[in-house]
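The file start_16.cif contains mmCIF, C-alpha atoms and all ligand atoms:
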```cif
data_model
loop_
_atom_site.group_PDB
_atom_site.id
_atom_site.type_symbol
_atom_site.label_atom_id
_atom_site.label_comp_id
_atom_site.auth_asym_id
_atom_site.auth_seq_id
_atom_site.Cartn_x
_atom_site.Cartn_y
_atom_site.Cartn_z
ATOM 1 C CA MET A 1 -200.328 -102.967 -67.056
ATOM 2 C CA CYS A 2 -196.984 -103.223 -65.339
ATOM 3 C CA ASN A 3 -197.166 -107.040 -65.222
ATOM 4 C CA ALA A 4 -198.195 -107.455 -68.854
ATOM 5 C CA VAL A 5 -194.956 -105.705 -69.891
ATOM 6 C CA ILE A 6 -192.823 -107.575 -67.331
ATOM 7 C CA GLU A 7 -194.279 -110.875 -68.590
ATOM 8 C CA GLY A 8 -193.780 -109.827 -72.232
ATOM 9 C CA ASN A 9 -197.482 -110.390 -72.905
ATOM 10 C CA ALA A 10 -198.193 -108.224 -75.978
ATOM 11 C CA ASP A 11 -201.848 -109.303 -76.363
ATOM 12 C CA GLY A 12 -202.500 -108.604 -72.692
ATOM 13 C CA ALA A 13 -200.781 -105.221 -72.883
ATOM 14 C CA ARG A 14 -202.810 -104.283 -75.967
ATOM 15 C CA ALA A 15 -206.076 -105.277 -74.244
ATOM 16 C CA LEU A 16 -205.159 -103.313 -71.106
ATOM 17 C CA ALA A 17 -204.329 -100.259 -73.241
ATOM 18 C CA GLU A 18 -207.750 -100.469 -74.880
ATOM 19 C CA ALA A 19 -209.404 -100.796 -71.450
ATOM 20 C CA LEU A 20 -207.435 -97.782 -70.185
ATOM 21 C CA ILE A 21 -208.676 -95.621 -73.065
ATOM 22 C CA ALA A 22 -212.267 -96.795 -72.512
ATOM 23 C CA SER A 23 -211.982 -95.951 -68.791
ATOM 24 C CA GLU A 24 -211.428 -92.260 -69.627
ATOM 25 C CA ALA A 25 -208.731 -92.036 -66.930
ATOM 26 C CA GLU A 26 -206.009 -89.433 -67.456
ATOM 27 C CA LEU A 27 -203.737 -91.236 -69.891
ATOM 28 C CA LEU A 28 -200.187 -90.000 -69.333
ATOM 29 C CA PRO A 29 -199.983 -90.576 -65.551
ATOM 30 C CA ALA A 30 -201.578 -94.008 -66.012
ATOM 31 C CA VAL A 31 -199.106 -94.918 -68.771
ATOM 32 C CA GLU A 32 -196.184 -93.766 -66.597
ATOM 33 C CA ARG A 33 -197.392 -95.716 -63.539
ATOM 34 C CA GLY A 34 -198.277 -98.809 -65.560
ATOM 35 C CA PHE A 35 -196.526 -99.603 -68.831
ATOM 36 C CA VAL A 36 -193.464 -97.379 -68.294
ATOM 37 C CA ALA A 37 -192.949 -98.767 -64.767
ATOM 38 C CA GLY A 38 -193.173 -102.243 -66.307
ATOM 39 C CA ILE A 39 -190.477 -101.653 -68.924
ATOM 40 C CA ARG A 40 -188.218 -100.063 -66.294
ATOM 41 C CA ARG A 41 -188.673 -103.180 -64.122
ATOM 42 C CA VAL A 42 -187.710 -105.306 -67.144
ATOM 43 C CA GLY A 43 -184.485 -103.259 -67.269
ATOM 44 C CA GLU A 44 -183.828 -103.957 -63.572
ATOM 45 C CA LEU A 45 -184.440 -107.689 -64.023
ATOM 46 C CA TRP A 46 -181.968 -107.664 -66.901
ATOM 47 C CA ASP A 47 -179.519 -105.787 -64.683
ATOM 48 C CA GLU A 48 -179.936 -108.359 -61.906
ATOM 49 C CA GLY A 49 -179.263 -111.203 -64.345
ATOM 50 C CA GLU A 50 -182.828 -112.547 -63.994
ATOM 51 C CA TYR A 51 -183.765 -111.688 -67.568
ATOM 52 C CA PHE A 52 -181.837 -112.358 -70.766
ATOM 53 C CA LEU A 53 -182.175 -110.791 -74.213
ATOM 54 C CA PRO A 54 -185.352 -112.724 -75.243
ATOM 55 C CA GLU A 55 -187.204 -111.452 -72.150
ATOM 56 C CA LEU A 56 -185.907 -107.918 -72.749
ATOM 57 C CA VAL A 57 -187.146 -108.062 -76.355
ATOM 58 C CA GLN A 58 -190.530 -109.512 -75.335
ATOM 59 C CA GLY A 59 -190.988 -106.797 -72.713
ATOM 60 C CA ALA A 60 -190.207 -104.151 -75.330
ATOM 61 C CA GLU A 61 -192.653 -105.762 -77.788
ATOM 62 C CA ALA A 62 -195.416 -105.697 -75.170
ATOM 63 C CA MET A 63 -194.600 -102.045 -74.404
ATOM 64 C CA LYS A 64 -194.754 -101.167 -78.109
ATOM 65 C CA ALA A 65 -198.058 -103.035 -78.564
ATOM 66 C CA ALA A 66 -199.567 -100.943 -75.752
ATOM 67 C CA MET A 67 -198.099 -97.690 -77.087
ATOM 68 C CA ASP A 68 -199.450 -98.359 -80.599
ATOM 69 C CA VAL A 69 -202.951 -98.376 -79.064
ATOM 70 C CA ILE A 70 -202.352 -95.441 -76.698
ATOM 71 C CA ARG A 71 -200.473 -93.079 -79.067
ATOM 72 C CA PRO A 72 -203.474 -91.715 -81.065
ATOM 73 C CA ALA A 73 -205.577 -91.255 -77.924
ATOM 74 C CA LEU A 74 -202.705 -89.563 -76.103
ATOM 75 C CA ALA A 75 -202.152 -87.222 -79.040
ATOM 76 C CA ALA A 76 -205.865 -86.362 -79.205
ATOM 77 C CA ALA A 77 -206.044 -85.710 -75.450
ATOM 78 C CA HIS A 78 -203.212 -83.187 -75.577
ATOM 79 C CA GLN A 79 -204.056 -81.637 -78.947
ATOM 80 C CA THR A 80 -203.568 -77.922 -79.524
ATOM 81 C CA GLN A 81 -203.892 -76.121 -82.832
ATOM 82 C CA SER A 82 -201.054 -73.622 -83.118
ATOM 83 C CA THR A 83 -197.587 -74.380 -84.540
ATOM 84 C CA ARG A 84 -195.071 -73.581 -81.846
ATOM 85 C CA GLY A 85 -191.862 -74.555 -83.643
ATOM 86 C CA ARG A 86 -190.258 -77.128 -85.913
ATOM 87 C CA ILE A 87 -188.397 -80.038 -84.332
ATOM 88 C CA VAL A 88 -186.251 -82.789 -85.822
ATOM 89 C CA LEU A 89 -186.285 -85.773 -83.461
ATOM 90 C CA GLY A 90 -184.398 -89.061 -83.399
ATOM 91 C CA THR A 91 -182.343 -91.538 -81.412
ATOM 92 C CA VAL A 92 -178.645 -91.138 -82.136
ATOM 93 C CA GLU A 93 -176.672 -93.499 -84.348
ATOM 94 C CA GLY A 94 -175.877 -96.919 -82.892
ATOM 95 C CA ASP A 95 -178.814 -96.776 -80.483
ATOM 96 C CA LEU A 96 -182.013 -98.702 -81.246
ATOM 97 C CA HIS A 97 -184.053 -97.626 -78.206
ATOM 98 C CA ASP A 98 -187.034 -95.654 -79.465
ATOM 99 C CA ILE A 99 -189.898 -96.102 -76.987
ATOM 100 C CA GLY A 100 -189.142 -93.017 -74.859
ATOM 101 C CA LYS A 101 -188.175 -90.919 -77.877
ATOM 102 C CA SER A 102 -191.496 -91.760 -79.578
ATOM 103 C CA LEU A 103 -193.433 -90.824 -76.433
ATOM 104 C CA VAL A 104 -191.626 -87.460 -76.439
ATOM 105 C CA GLY A 105 -192.523 -87.003 -80.135
ATOM 106 C CA VAL A 106 -196.210 -87.722 -79.524
ATOM 107 C CA LEU A 107 -196.462 -85.180 -76.711
ATOM 108 C CA LEU A 108 -194.514 -82.516 -78.584
ATOM 109 C CA SER A 109 -196.725 -82.811 -81.671
ATOM 110 C CA ALA A 110 -199.858 -82.979 -79.547
ATOM 111 C CA ASN A 111 -198.750 -79.701 -77.979
ATOM 112 C CA GLY A 112 -198.465 -77.837 -81.234
ATOM 113 C CA PHE A 113 -194.882 -78.540 -82.358
ATOM 114 C CA GLU A 114 -194.235 -79.743 -85.894
ATOM 115 C CA VAL A 115 -192.223 -82.910 -85.216
ATOM 116 C CA HIS A 116 -190.197 -84.758 -87.836
ATOM 117 C CA ASP A 117 -189.361 -88.084 -86.192
ATOM 118 C CA LEU A 118 -186.462 -89.753 -88.019
ATOM 119 C CA GLY A 119 -186.653 -92.925 -85.897
ATOM 120 C CA ALA A 120 -183.773 -94.751 -84.216
ATOM 121 C CA SER A 121 -180.044 -94.981 -85.030
ATOM 122 C CA VAL A 122 -180.047 -91.680 -86.919
ATOM 123 C CA SER A 123 -176.697 -90.459 -88.247
ATOM 124 C CA ILE A 124 -175.556 -86.899 -87.600
ATOM 125 C CA ASP A 125 -175.719 -86.229 -91.360
ATOM 126 C CA ARG A 126 -179.393 -87.209 -91.421
ATOM 127 C CA PHE A 127 -180.169 -84.986 -88.417
ATOM 128 C CA LEU A 128 -178.394 -82.058 -90.086
ATOM 129 C CA ALA A 129 -179.926 -82.592 -93.541
ATOM 130 C CA LYS A 130 -183.474 -82.763 -92.168
ATOM 131 C CA ALA A 131 -182.883 -79.732 -89.945
ATOM 132 C CA GLU A 132 -181.715 -77.746 -92.978
ATOM 133 C CA GLU A 133 -184.570 -79.004 -95.158
ATOM 134 C CA ILE A 134 -187.330 -77.908 -92.768
ATOM 135 C CA ASP A 135 -185.395 -75.014 -91.212
ATOM 136 C CA ALA A 136 -185.778 -76.616 -87.780
ATOM 137 C CA ASP A 137 -185.789 -74.549 -84.605
ATOM 138 C CA ILE A 138 -184.771 -77.497 -82.429
ATOM 139 C CA VAL A 139 -182.862 -80.732 -82.971
ATOM 140 C CA ALA A 140 -183.943 -83.234 -80.299
ATOM 141 C CA ALA A 141 -181.924 -86.384 -79.690
ATOM 142 C CA SER A 142 -182.338 -89.413 -77.476
ATOM 143 C CA ALA A 143 -179.665 -91.805 -76.153
ATOM 144 C CA LEU A 144 -180.295 -94.797 -73.887
ATOM 145 C CA LEU A 145 -176.798 -96.267 -73.884
ATOM 146 C CA THR A 146 -173.884 -94.698 -72.062
ATOM 147 C CA THR A 147 -171.806 -95.467 -75.181
ATOM 148 C CA THR A 148 -174.122 -93.520 -77.513
ATOM 149 C CA MET A 149 -174.236 -90.445 -75.242
ATOM 150 C CA GLU A 150 -170.955 -89.488 -76.922
ATOM 151 C CA GLU A 151 -172.836 -89.330 -80.215
ATOM 152 C CA GLN A 152 -175.076 -86.681 -78.624
ATOM 153 C CA ALA A 153 -171.941 -84.652 -77.888
ATOM 154 C CA ARG A 154 -170.835 -84.932 -81.529
ATOM 155 C CA LEU A 155 -174.320 -83.946 -82.687
ATOM 156 C CA VAL A 156 -174.372 -80.803 -80.519
ATOM 157 C CA ASP A 157 -170.991 -79.874 -81.943
ATOM 158 C CA ALA A 158 -172.105 -80.494 -85.545
ATOM 159 C CA VAL A 159 -175.296 -78.447 -85.110
ATOM 160 C CA ARG A 160 -173.290 -75.570 -83.638
ATOM 161 C CA ARG A 161 -170.800 -75.680 -86.525
ATOM 162 C CA THR A 162 -173.544 -75.627 -89.193
ATOM 163 C CA ALA A 163 -176.163 -73.360 -87.598
ATOM 164 C CA GLY A 164 -174.451 -71.500 -84.738
ATOM 165 C CA ARG A 165 -176.782 -70.623 -81.861
ATOM 166 C CA THR A 166 -179.830 -70.181 -84.111
ATOM 167 C CA ARG A 167 -180.722 -73.871 -83.877
ATOM 168 C CA ARG A 168 -181.018 -75.306 -80.370
ATOM 169 C CA VAL A 169 -180.384 -78.892 -79.320
ATOM 170 C CA LEU A 170 -182.572 -80.713 -76.798
ATOM 171 C CA LEU A 171 -181.193 -83.919 -75.271
ATOM 172 C CA GLY A 172 -182.840 -86.741 -73.328
ATOM 173 C CA GLY A 173 -182.759 -90.425 -72.467
ATOM 174 C CA ALA A 174 -182.312 -92.356 -69.223
ATOM 175 C CA PRO A 175 -178.508 -92.036 -68.791
ATOM 176 C CA THR A 176 -178.449 -88.322 -69.690
ATOM 177 C CA SER A 177 -178.814 -85.416 -67.272
ATOM 178 C CA ARG A 178 -179.139 -81.665 -67.175
ATOM 179 C CA VAL A 179 -175.504 -81.430 -66.104
ATOM 180 C CA TRP A 180 -174.425 -83.490 -69.138
ATOM 181 C CA ALA A 181 -176.473 -81.384 -71.559
ATOM 182 C CA GLU A 182 -175.382 -78.057 -70.039
ATOM 183 C CA LYS A 183 -171.754 -79.104 -70.288
ATOM 184 C CA LEU A 184 -172.329 -79.496 -74.036
ATOM 185 C CA GLY A 185 -174.306 -76.261 -74.329
ATOM 186 C CA ALA A 186 -177.607 -78.029 -74.965
ATOM 187 C CA ALA A 187 -180.967 -78.172 -73.203
ATOM 188 C CA HIS A 188 -182.251 -81.252 -71.393
ATOM 189 C CA ALA A 189 -185.596 -82.733 -70.375
ATOM 190 C CA GLU A 190 -186.281 -85.634 -68.021
ATOM 191 C CA ASN A 191 -189.465 -86.920 -69.588
ATOM 192 C CA ALA A 192 -192.084 -86.291 -72.267
ATOM 193 C CA LEU A 193 -194.093 -83.638 -70.405
ATOM 194 C CA HIS A 194 -190.937 -81.835 -69.343
ATOM 195 C CA ALA A 195 -189.773 -81.920 -73.007
ATOM 196 C CA VAL A 196 -192.844 -79.880 -73.975
ATOM 197 C CA GLU A 197 -192.029 -77.301 -71.281
ATOM 198 C CA VAL A 198 -188.366 -77.049 -72.251
ATOM 199 C CA ALA A 199 -189.114 -76.872 -75.988
ATOM 200 C CA ALA A 200 -191.559 -74.024 -75.315
ATOM 201 C CA GLU A 201 -188.857 -72.209 -73.303
ATOM 202 C CA LEU A 202 -186.347 -72.664 -76.139
ATOM 203 C CA MET A 203 -188.805 -71.024 -78.535
ATOM 204 C CA ARG A 204 -189.096 -67.883 -76.363
HETATM 205 C C1 LIG B 301 -186.708 -101.755 -73.894
HETATM 206 C C2 LIG B 301 -185.206 -101.851 -73.825
HETATM 207 C C3 LIG B 301 -184.551 -102.401 -74.948
HETATM 208 C C4 LIG B 301 -185.262 -102.781 -76.239
HETATM 209 C C5 LIG B 301 -185.508 -101.488 -77.048
HETATM 210 C C6 LIG B 301 -186.760 -101.576 -77.912
HETATM 211 C C7 LIG B 301 -187.115 -100.244 -78.521
HETATM 212 N N1 LIG B 301 -187.678 -100.318 -79.704
HETATM 213 O O1 LIG B 301 -186.907 -99.186 -77.948
HETATM 214 C C8 LIG B 301 -184.230 -103.752 -76.911
HETATM 215 C C9 LIG B 301 -184.549 -105.165 -76.490
HETATM 216 C C10 LIG B 301 -184.128 -103.688 -78.430
HETATM 217 C C11 LIG B 301 -182.938 -103.314 -76.212
HETATM 218 C C12 LIG B 301 -181.675 -103.580 -76.722
HETATM 219 C C13 LIG B 301 -180.490 -103.318 -76.031
HETATM 220 N N2 LIG B 301 -180.393 -102.793 -74.778
HETATM 221 CO CO1 LIG B 301 -181.886 -102.005 -73.818
HETATM 222 N N3 LIG B 301 -183.195 -101.472 -72.578
HETATM 223 C C14 LIG B 301 -184.492 -101.399 -72.681
HETATM 224 C C15 LIG B 301 -185.066 -100.893 -71.316
HETATM 225 C C16 LIG B 301 -185.523 -102.127 -70.530
HETATM 226 C C17 LIG B 301 -186.207 -99.906 -71.354
HETATM 227 C C18 LIG B 301 -185.996 -98.639 -72.198
HETATM 228 C C19 LIG B 301 -187.339 -97.940 -72.326
HETATM 229 O O2 LIG B 301 -188.014 -98.079 -73.322
HETATM 230 N N4 LIG B 301 -187.777 -97.246 -71.237
HETATM 231 C C20 LIG B 301 -189.112 -96.624 -71.170
HETATM 232 C C21 LIG B 301 -189.080 -95.225 -71.739
HETATM 233 C C22 LIG B 301 -190.477 -94.588 -71.688
HETATM 234 O O3 LIG B 301 -188.218 -94.481 -70.937
HETATM 235 P P1 LIG B 301 -186.941 -93.713 -71.514
HETATM 236 O O4 LIG B 301 -186.431 -94.409 -72.731
HETATM 237 O O5 LIG B 301 -186.009 -93.446 -70.412
HETATM 238 O O6 LIG B 301 -187.554 -92.344 -72.032
HETATM 239 C C23 LIG B 301 -188.015 -91.298 -71.198
HETATM 240 C C24 LIG B 301 -186.929 -90.296 -70.800
HETATM 241 O O7 LIG B 301 -185.617 -90.846 -70.766
HETATM 242 C C25 LIG B 301 -187.088 -89.177 -71.769
HETATM 243 N N5 LIG B 301 -186.467 -89.240 -73.097
HETATM 244 C C26 LIG B 301 -186.115 -90.313 -73.849
HETATM 245 N N6 LIG B 301 -185.641 -89.919 -75.037
HETATM 246 C C27 LIG B 301 -185.692 -88.559 -75.077
HETATM 247 C C28 LIG B 301 -185.327 -87.649 -76.067
HETATM 248 C C29 LIG B 301 -185.468 -86.297 -75.827
HETATM 249 C C30 LIG B 301 -185.105 -85.319 -76.891
HETATM 250 C C31 LIG B 301 -185.983 -85.852 -74.575
HETATM 251 C C32 LIG B 301 -186.120 -84.404 -74.319
HETATM 252 C C33 LIG B 301 -186.359 -86.757 -73.585
HETATM 253 C C34 LIG B 301 -186.213 -88.106 -73.836
HETATM 254 O O8 LIG B 301 -188.489 -89.122 -71.970
HETATM 255 C C35 LIG B 301 -188.975 -90.471 -72.046
HETATM 256 C C36 LIG B 301 -190.399 -90.504 -71.602
HETATM 257 O O9 LIG B 301 -190.564 -90.149 -70.253
HETATM 258 C C37 LIG B 301 -183.791 -100.210 -70.687
HETATM 259 C C38 LIG B 301 -183.777 -100.131 -69.150
HETATM 260 C C39 LIG B 301 -184.131 -98.768 -68.621
HETATM 261 N N7 LIG B 301 -184.429 -98.706 -67.365
HETATM 262 O O10 LIG B 301 -184.111 -97.756 -69.320
HETATM 263 C C40 LIG B 301 -182.673 -101.093 -71.276
HETATM 264 C C41 LIG B 301 -181.273 -100.503 -71.427
HETATM 265 C C42 LIG B 301 -181.313 -99.091 -71.916
HETATM 266 N N8 LIG B 301 -180.692 -101.385 -72.458
HETATM 267 C C43 LIG B 301 -179.459 -101.686 -72.225
HETATM 268 C C44 LIG B 301 -178.651 -102.526 -73.062
HETATM 269 C C45 LIG B 301 -177.277 -102.881 -72.526
HETATM 270 C C46 LIG B 301 -179.116 -102.972 -74.304
HETATM 271 C C47 LIG B 301 -178.333 -103.826 -75.338
HETATM 272 C C48 LIG B 301 -176.860 -103.436 -75.521
HETATM 273 C C49 LIG B 301 -178.470 -105.309 -74.940
HETATM 274 C C50 LIG B 301 -177.665 -106.289 -75.771
HETATM 275 N N9 LIG B 301 -176.693 -106.874 -75.112
HETATM 276 O O11 LIG B 301 -177.907 -106.440 -76.948
HETATM 277 C C51 LIG B 301 -179.153 -103.610 -76.617
HETATM 278 C C52 LIG B 301 -178.642 -102.384 -77.419
HETATM 279 C C53 LIG B 301 -179.219 -102.282 -78.785
HETATM 280 C C54 LIG B 301 -178.850 -100.952 -79.401
HETATM 281 N N10 LIG B 301 -177.825 -100.926 -80.246
HETATM 282 O O12 LIG B 301 -179.456 -99.950 -79.100
HETATM 283 C C55 LIG B 301 -178.932 -101.041 -70.936
HETATM 284 C C56 LIG B 301 -178.016 -99.855 -71.194
HETATM 285 C C57 LIG B 301 -176.847 -99.845 -70.233
HETATM 286 C C58 LIG B 301 -175.921 -98.711 -70.467
HETATM 287 N N11 LIG B 301 -175.391 -98.247 -69.373
HETATM 288 O O13 LIG B 301 -175.652 -98.252 -71.535
HETATM 289 C C59 LIG B 301 -180.276 -100.699 -70.193
HETATM 290 C C60 LIG B 301 -180.204 -99.485 -69.255
HETATM 291 C C61 LIG B 301 -180.648 -101.967 -69.392
HETATM 292 C C62 LIG B 301 -179.710 -102.241 -68.228
HETATM 293 N N12 LIG B 301 -180.118 -101.865 -67.030
HETATM 294 O O14 LIG B 301 -178.642 -102.762 -68.434
HETATM 295 N N13 LIG B 301 -183.209 -102.643 -75.046
#
```
Encoded form (structure tokens):
Amino acid sequence: MCNAVIEGNADGARALAEALIASEAELLPAVERGFVAGIRRVGELWDEGEYFLPELVQGAEAMKAAMDVIRPALAAAHQTQSTRGRIVLGTVEGDLHDIGKSLVGVLLSANGFEVHDLGASVSIDRFLAKAEEIDADIVAASALLTTTMEEQARLVDAVRRTAGRTRRVLLGGAPTSRVWAEKLGAAHAENALHAVEVAAELMR
């Protein structure tokens, strides 16, 4: 699984995802150890100057091909019935990374949250408008670039100005941390499973 993503082999990744589902192994740990480890390695190879943009894009395409197969099965495996809260989710403006954010969305909805995923490069106005429209409990935002983390800060500020403390903000993404989120007065989660835990805490 890891190699299919590193090699940017979308057909191979798709086939391995299908085999993983058929094997009835526990999905999330296998996805983390396989496909997610692969895309992280792609990032390291890019960092080391071994990979250039085409390889980065191909790795991401292979990752997405696998996730398209896995997503419904992952959602079904974690399905619960109750509605635990309404969440507006997106990657902040200027940032196109959406693989991790989508994984978070799948697990949150599978665990009973009503998730409105606005996609990638979402403006603060769109976050706020959707949150108003559905009377969201939580606004959840991803950032994968150090430059777009600042947009998270502006979002937290905008949510506070429009909704006070009644609407909470949950932040995530590889360069973010609990310290960063707490400094802004927001919550933080490291990964998709942790996001479910933290969202449940915010609803208490
Ligand atoms: C895939 C990828 C791409 C793909 C994205 C495809 C897509 N549709 O997402 C493409 C090729 C488009 C891309 C483009 C670029 N990328 Co890029 N990319 C990556 C890569 C290799 C993997 C990201 C990923 O999907 N990880 C796997 C997922 C599962 O992990 P995750 O995103 O961290 O998500 C988990 C947690 O963080 C958390 N989480 C994530 N979001 C949220 C949200 C909430 C609310 C919560 C609670 C939790 C949470 O839960 C997730 C699941 O566990 C990273 C390297 C890396 N190690 O992160 C570089 C990386 C992020 N990219 C980088 C760069 C520089 C770029 C470009 C600028 C390159 C260029 N010169 O054009 C562009 C920027 C485009 C833009 N404007 O956004 C740098 C950023 C450096 C920095 N310090 O800012 C990185 C770190 C690579 C590197 N080492 O240099 N990239």
### Task
Dump the neighbourhood of ligand LIG 301 (chain B) as a count of residues only: all residues within 7 Å, distances computed on only C-alpha atoms and all ligand atoms.
45
Taking all atoms of range 100-112 of chain A that the file lists and extending 3 Å past them on each side, where is the centre of the axis-aligned box and how long are its edges? Answer in Å to one decimal, as lines of an AutoDock Vina configuration file.
```
center_x = -194.0
center_y = -85.4
center_z = -78.3
size_x = 17.7
size_y = 21.2
size_z = 12.8
```
*Which is closest to Ala77 in chain A among A:Ala131, A:Ala15, A:Leu27, A:Leu118, if we use only C-alpha atoms?*
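Ranking A:Ala131, A:Ala15, A:Leu27, A:Leu118 by distance to Ala77 in chain A, first place goes to A:Leu27.
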Figure out the distance between CA of Gly90 in chain A and CA of Ser121 in chain A, please, to one decimal in Å.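 Value for the CA of Ser121 in chain A-CA of Gly90 in chain A distance: 7.5 Å.
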request  = Go ahead and compute the interatomic distance for CA of Glu150 in chain A and CA of Gly185 in chain A, in Å to one decimal.
outcome  =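 We find that CA of Glu150 in chain A and CA of Gly185 in chain A lie 13.9 Å from each other.
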Exercise for the section: Step by step: start from the point (-195.6, -107.6, -64.0) in the file's coordinates, keep every protein, DNA or RNA residue that has an atom no farther than 12 Å from it, count only C-alpha atoms, and write the set as a PyMOL selection string. Expected result: chain A and resi 1-9+12-13+34-42+45+59+62-63
Report task. State, in Å with one decimal place, the distance from CA of Glu26 in chain A to CA of Glu197 in chain A. Result ->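 A separation of 18.9 Å between them.
Comparing the minimum interatomic distances between Val69 in chain A and each of A:Asp11, A:His116, A:Val122, A:Phe52, counting all atoms listed in the file, we find that A:Asp11 sits nearest.
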Original post:
Looking at A:Phe127, A:Ala186, A:Ala163, A:Arg71, which one is nearest to Arg14 in chain A, with distances taken over only C-alpha atoms?
Top reply: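 Under the stated criterion, the closest residue is A:Arg71.
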(message) Between A:Ala158, A:Leu202, A:Ile21, A:Ala153, which residue has the minimum interatomic distance to Gly85 in chain A, considering only C-alpha atoms?
(response)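 Of A:Ala158, A:Leu202, A:Ile21, A:Ala153, the one nearest Gly85 in chain A, counting only C-alpha atoms, is A:Leu202.
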Q.
When you count all atoms listed in the file, which of these residues is closest to Leu108 in chain A: A:Ala120, A:Ala30, A:Ala75, A:Val169?
A.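 The answer is A:Ala75, which sits nearest to Leu108 in chain A.
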Min atom-atom distance to Thr166 in chain A from the set A:Asp125, A:Glu55, A:Glu48, A:Asp135, counting only C-alpha atoms, belongs to A:Asp135
| said: For the provided coordinates, the residues matched by the PyMOL selection byres (((chain A and resi 138) around 6) and not hetatm) should be stated as number ranges by chain. | reply: A: 87, 136-137, 139, 167-169
*asked:* As a check of understanding, name the residues that the PyMOL selection byres (((chain A and resi 74) around 9) and not hetatm) selects in the supplied structure, as an MDAnalysis selection string.
replied: chainID A and resid 27:28 70:73 75:79 106:107 110
Complete the atoms of range 102-117 of chain A to N, CA and C atoms and put them out as a CSV table (one decimal), keeping the file's coordinate frame.
```
chain,number,residue,atom,x,y,z
A,102,SER,N,-190.2,-91.9,-78.9
A,102,SER,CA,-191.5,-91.8,-79.6
A,102,SER,C,-192.6,-91.1,-78.7
A,103,LEU,N,-192.5,-91.4,-77.4
A,103,LEU,CA,-193.4,-90.8,-76.4
A,103,LEU,C,-193.2,-89.3,-76.4
A,104,VAL,N,-192.0,-88.9,-76.4
A,104,VAL,CA,-191.6,-87.5,-76.4
A,104,VAL,C,-192.2,-86.8,-77.7
A,105,GLY,N,-192.0,-87.5,-78.8
A,105,GLY,CA,-192.5,-87.0,-80.1
A,105,GLY,C,-194.0,-86.8,-80.1
A,106,VAL,N,-194.7,-87.8,-79.6
A,106,VAL,CA,-196.2,-87.7,-79.5
A,106,VAL,C,-196.6,-86.5,-78.7
A,107,LEU,N,-196.0,-86.3,-77.6
A,107,LEU,CA,-196.5,-85.2,-76.7
A,107,LEU,C,-196.1,-83.8,-77.3
A,108,LEU,N,-194.9,-83.8,-77.9
A,108,LEU,CA,-194.5,-82.5,-78.6
A,108,LEU,C,-195.5,-82.2,-79.7
A,109,SER,N,-195.8,-83.2,-80.6
A,109,SER,CA,-196.7,-82.8,-81.7
A,109,SER,C,-198.1,-82.5,-81.2
A,110,ALA,N,-198.5,-83.3,-80.1
A,110,ALA,CA,-199.9,-83.0,-79.5
A,110,ALA,C,-199.9,-81.6,-78.9
A,111,ASN,N,-198.8,-81.0,-78.6
A,111,ASN,CA,-198.8,-79.7,-78.0
A,111,ASN,C,-198.4,-78.6,-79.0
A,112,GLY,N,-198.6,-78.9,-80.2
A,112,GLY,CA,-198.5,-77.8,-81.2
A,112,GLY,C,-197.1,-77.7,-81.9
A,113,PHE,N,-196.2,-78.6,-81.6
A,113,PHE,CA,-194.9,-78.5,-82.4
A,113,PHE,C,-195.0,-79.4,-83.6
A,114,GLU,N,-194.3,-78.9,-84.7
A,114,GLU,CA,-194.2,-79.7,-85.9
A,114,GLU,C,-193.0,-80.7,-85.7
A,115,VAL,N,-193.3,-82.0,-85.5
A,115,VAL,CA,-192.2,-82.9,-85.2
A,115,VAL,C,-191.9,-83.8,-86.4
A,116,HIS,N,-190.6,-83.9,-86.8
A,116,HIS,CA,-190.2,-84.8,-87.8
A,116,HIS,C,-189.4,-85.8,-87.2
A,117,ASP,N,-190.0,-87.0,-86.9
A,117,ASP,CA,-189.4,-88.1,-86.2
A,117,ASP,C,-188.6,-89.0,-87.2
```
